[in-house]
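Right, one structure below, let's go through it.
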Amino acid sequence: MNTPSRRVFIGAGEEVSGGGFEPEGISGFFVEVREPNYRVFVSRDGLKISVKFVAAPASRNEVSQLIRL
């Protein structure tokens, strides 16, 4: 994941940036990160979703599976 703003939004897909609009943050929150590139690991255990950021030398966006509540 490339994060030039060093801010990552975690929340509902309806709140994701697009078409010149930014999320209002009503149903989610922003996480400040130190590095511009990360590998992100997401897992689910029941209703608990865990997100892990690991600094990476380069970035590539790839989603293999959606996590839904």
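For the structure tokens, the naming scheme is as follows: chains receive sequential letters (A, B, ...) according to their order of presentation, residues are indexed from 1 within each chain, and ligands are indexed from 1 in presentation order.
All residues of protein, DNA or RNA that reach within 6 Å of segment 30-36 of chain A, judged by only C-alpha atoms and not counting those fewer than 2 positions away in the chain, are A:Asn2, A:Thr3, A:Pro4, A:Arg6, A:Arg7, A:Val8, A:Phe9.
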Any chance you can output those residues with N, CA and C atoms as a tab-separated table (two decimals), in the first residue's frame?
chain	number	residue	atom	x	y	z
A	2	ASN	N	0.58	2.17	-0.85
A	2	ASN	CA	1.31	3.43	-0.90
A	2	ASN	C	0.50	4.49	-0.16
A	3	THR	N	1.13	5.17	0.80
A	3	THR	CA	0.43	6.17	1.61
A	3	THR	C	1.18	7.50	1.58
A	4	PRO	N	1.14	8.24	0.46
A	4	PRO	CA	1.88	9.50	0.40
A	4	PRO	C	1.41	10.52	1.44
A	6	ARG	N	0.47	9.69	4.39
A	6	ARG	CA	0.80	9.06	5.67
A	6	ARG	C	-0.42	8.97	6.59
A	7	ARG	N	-1.60	8.90	5.99
A	7	ARG	CA	-2.86	8.70	6.72
A	7	ARG	C	-3.62	7.58	6.02
A	8	VAL	N	-4.14	6.64	6.81
A	8	VAL	CA	-4.89	5.51	6.28
A	8	VAL	C	-6.27	5.55	6.92
A	9	PHE	N	-7.30	5.46	6.08
A	9	PHE	CA	-8.67	5.45	6.59
A	9	PHE	C	-9.12	4.00	6.77
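The protein and nucleic acid residues lying at most 8 Å from Gly28 of chain A are Phe9, Ile10, Gly11, Ala12 and Glu15 of chain A, with only C-alpha atoms considered and sequence neighbours fewer than 4 positions away removed.
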Write the residues of the preceding selection, restricted to N, CA, C and O atoms, as a PDB file, in the first residue's frame.
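The result, written out as part.pdb:
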ATOM      1  N   PHE A   9      -7.303   5.462   6.084  1.00  0.00           N
ATOM      2  CA  PHE A   9      -8.670   5.446   6.592  1.00  0.00           C
ATOM      3  C   PHE A   9      -9.118   4.003   6.772  1.00  0.00           C
ATOM      4  O   PHE A   9      -8.997   3.180   5.863  1.00  0.00           O
ATOM      5  N   ILE A  10      -9.653   3.691   7.950  1.00  0.00           N
ATOM      6  CA  ILE A  10     -10.200   2.369   8.223  1.00  0.00           C
ATOM      7  C   ILE A  10     -11.674   2.561   8.556  1.00  0.00           C
ATOM      8  O   ILE A  10     -12.011   3.253   9.517  1.00  0.00           O
ATOM      9  N   GLY A  11     -12.527   1.993   7.702  1.00  0.00           N
ATOM     10  CA  GLY A  11     -13.962   2.154   7.910  1.00  0.00           C
ATOM     11  C   GLY A  11     -14.746   1.574   6.756  1.00  0.00           C
ATOM     12  O   GLY A  11     -14.207   0.828   5.931  1.00  0.00           O
ATOM     13  N   ALA A  12     -15.998   1.963   6.670  1.00  0.00           N
ATOM     14  CA  ALA A  12     -16.908   1.445   5.647  1.00  0.00           C
ATOM     15  C   ALA A  12     -16.459   1.869   4.253  1.00  0.00           C
ATOM     16  O   ALA A  12     -15.948   2.967   4.051  1.00  0.00           O
ATOM     17  N   GLU A  15     -17.273   5.190   2.744  1.00  0.00           N
ATOM     18  CA  GLU A  15     -16.544   6.359   3.225  1.00  0.00           C
ATOM     19  C   GLU A  15     -15.198   6.551   2.542  1.00  0.00           C
ATOM     20  O   GLU A  15     -14.437   7.438   2.911  1.00  0.00           O
TER      21      GLU A  15
END
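Residues surrounding Ala55 of chain A within 8 Å are Glu35, Asn37, Tyr38 and Arg39 of chain A [only C-alpha atoms; sequence separation below 3 positions excluded].
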Dump as a PDB file, in the first residue's frame, selection limited to all heavy atoms:
ATOM      1  N   GLU A  35       5.856   5.542   7.612  1.00  0.00           N
ATOM      2  CA  GLU A  35       6.506   5.270   6.328  1.00  0.00           C
ATOM      3  C   GLU A  35       5.501   5.419   5.185  1.00  0.00           C
ATOM      4  O   GLU A  35       4.307   5.251   5.384  1.00  0.00           O
ATOM      5  CB  GLU A  35       7.088   3.852   6.322  1.00  0.00           C
ATOM      6  CG  GLU A  35       8.068   3.572   7.438  1.00  0.00           C
ATOM      7  CD  GLU A  35       9.320   4.419   7.345  1.00  0.00           C
ATOM      8  OE1 GLU A  35       9.766   4.734   6.221  1.00  0.00           O
ATOM      9  OE2 GLU A  35       9.854   4.764   8.408  1.00  0.00           O
ATOM     10  N   ASN A  37       5.285   3.417   2.470  1.00  0.00           N
ATOM     11  CA  ASN A  37       4.926   2.134   1.853  1.00  0.00           C
ATOM     12  C   ASN A  37       4.792   1.047   2.911  1.00  0.00           C
ATOM     13  O   ASN A  37       5.662   0.905   3.775  1.00  0.00           O
ATOM     14  CB  ASN A  37       5.988   1.696   0.842  1.00  0.00           C
ATOM     15  CG  ASN A  37       6.074   2.665  -0.313  1.00  0.00           C
ATOM     16  OD1 ASN A  37       5.093   2.954  -0.965  1.00  0.00           O
ATOM     17  ND2 ASN A  37       7.266   3.177  -0.562  1.00  0.00           N
ATOM     18  N   TYR A  38       3.706   0.275   2.794  1.00  0.00           N
ATOM     19  CA  TYR A  38       3.430  -0.785   3.752  1.00  0.00           C
ATOM     20  C   TYR A  38       2.856  -2.004   3.070  1.00  0.00           C
ATOM     21  O   TYR A  38       2.196  -1.892   2.041  1.00  0.00           O
ATOM     22  CB  TYR A  38       2.392  -0.322   4.793  1.00  0.00           C
ATOM     23  CG  TYR A  38       2.952   0.604   5.818  1.00  0.00           C
ATOM     24  CD1 TYR A  38       2.932   1.971   5.609  1.00  0.00           C
ATOM     25  CD2 TYR A  38       3.508   0.121   6.980  1.00  0.00           C
ATOM     26  CE1 TYR A  38       3.451   2.840   6.547  1.00  0.00           C
ATOM     27  CE2 TYR A  38       4.025   0.975   7.926  1.00  0.00           C
ATOM     28  CZ  TYR A  38       4.000   2.330   7.704  1.00  0.00           C
ATOM     29  OH  TYR A  38       4.520   3.173   8.633  1.00  0.00           O
ATOM     30  N   ARG A  39       3.082  -3.149   3.680  1.00  0.00           N
ATOM     31  CA  ARG A  39       2.282  -4.342   3.403  1.00  0.00           C
ATOM     32  C   ARG A  39       1.256  -4.365   4.515  1.00  0.00           C
ATOM     33  O   ARG A  39       1.579  -4.133   5.673  1.00  0.00           O
ATOM     34  CB  ARG A  39       3.144  -5.596   3.449  1.00  0.00           C
ATOM     35  CG  ARG A  39       4.115  -5.661   2.277  1.00  0.00           C
ATOM     36  CD  ARG A  39       4.759  -6.991   2.151  1.00  0.00           C
ATOM     37  NE  ARG A  39       3.728  -7.950   1.690  1.00  0.00           N
ATOM     38  CZ  ARG A  39       3.879  -9.258   1.723  1.00  0.00           C
ATOM     39  NH1 ARG A  39       4.990  -9.790   2.170  1.00  0.00           N
ATOM     40  NH2 ARG A  39       2.920 -10.064   1.300  1.00  0.00           N
TER      41      ARG A  39
END
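Reported to one decimal place, the separation of atom CA of Phe21 of chain A from atom CA of Gln65 of chain A is 25.5 Å.
Note that atom CA of Ser27 of chain A and atom CA of Lys48 of chain A are 16.0 Å apart.
Within chain A, residues classed as strand (DSSP E or B) by DSSP on backbone coordinates are A:Asn2, A:Arg7, A:Val8, A:Phe9, A:Ile10, A:Gly18, A:Phe21, A:Phe29, A:Phe30, A:Val31, A:Glu32, A:Asn37, A:Tyr38, A:Arg39, A:Val40, A:Phe41, A:Val42, A:Ser43, A:Arg44, A:Asp45, A:Lys48, A:Ile49, A:Ser50, A:Val51, A:Lys52, A:Phe53, A:Val54, A:Ala55.
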Could you jot down the atom CA of Phe41 of chain A to atom CA of Phe53 of chain A separation for me, Å, one decimal place?
-> 6.6 Å
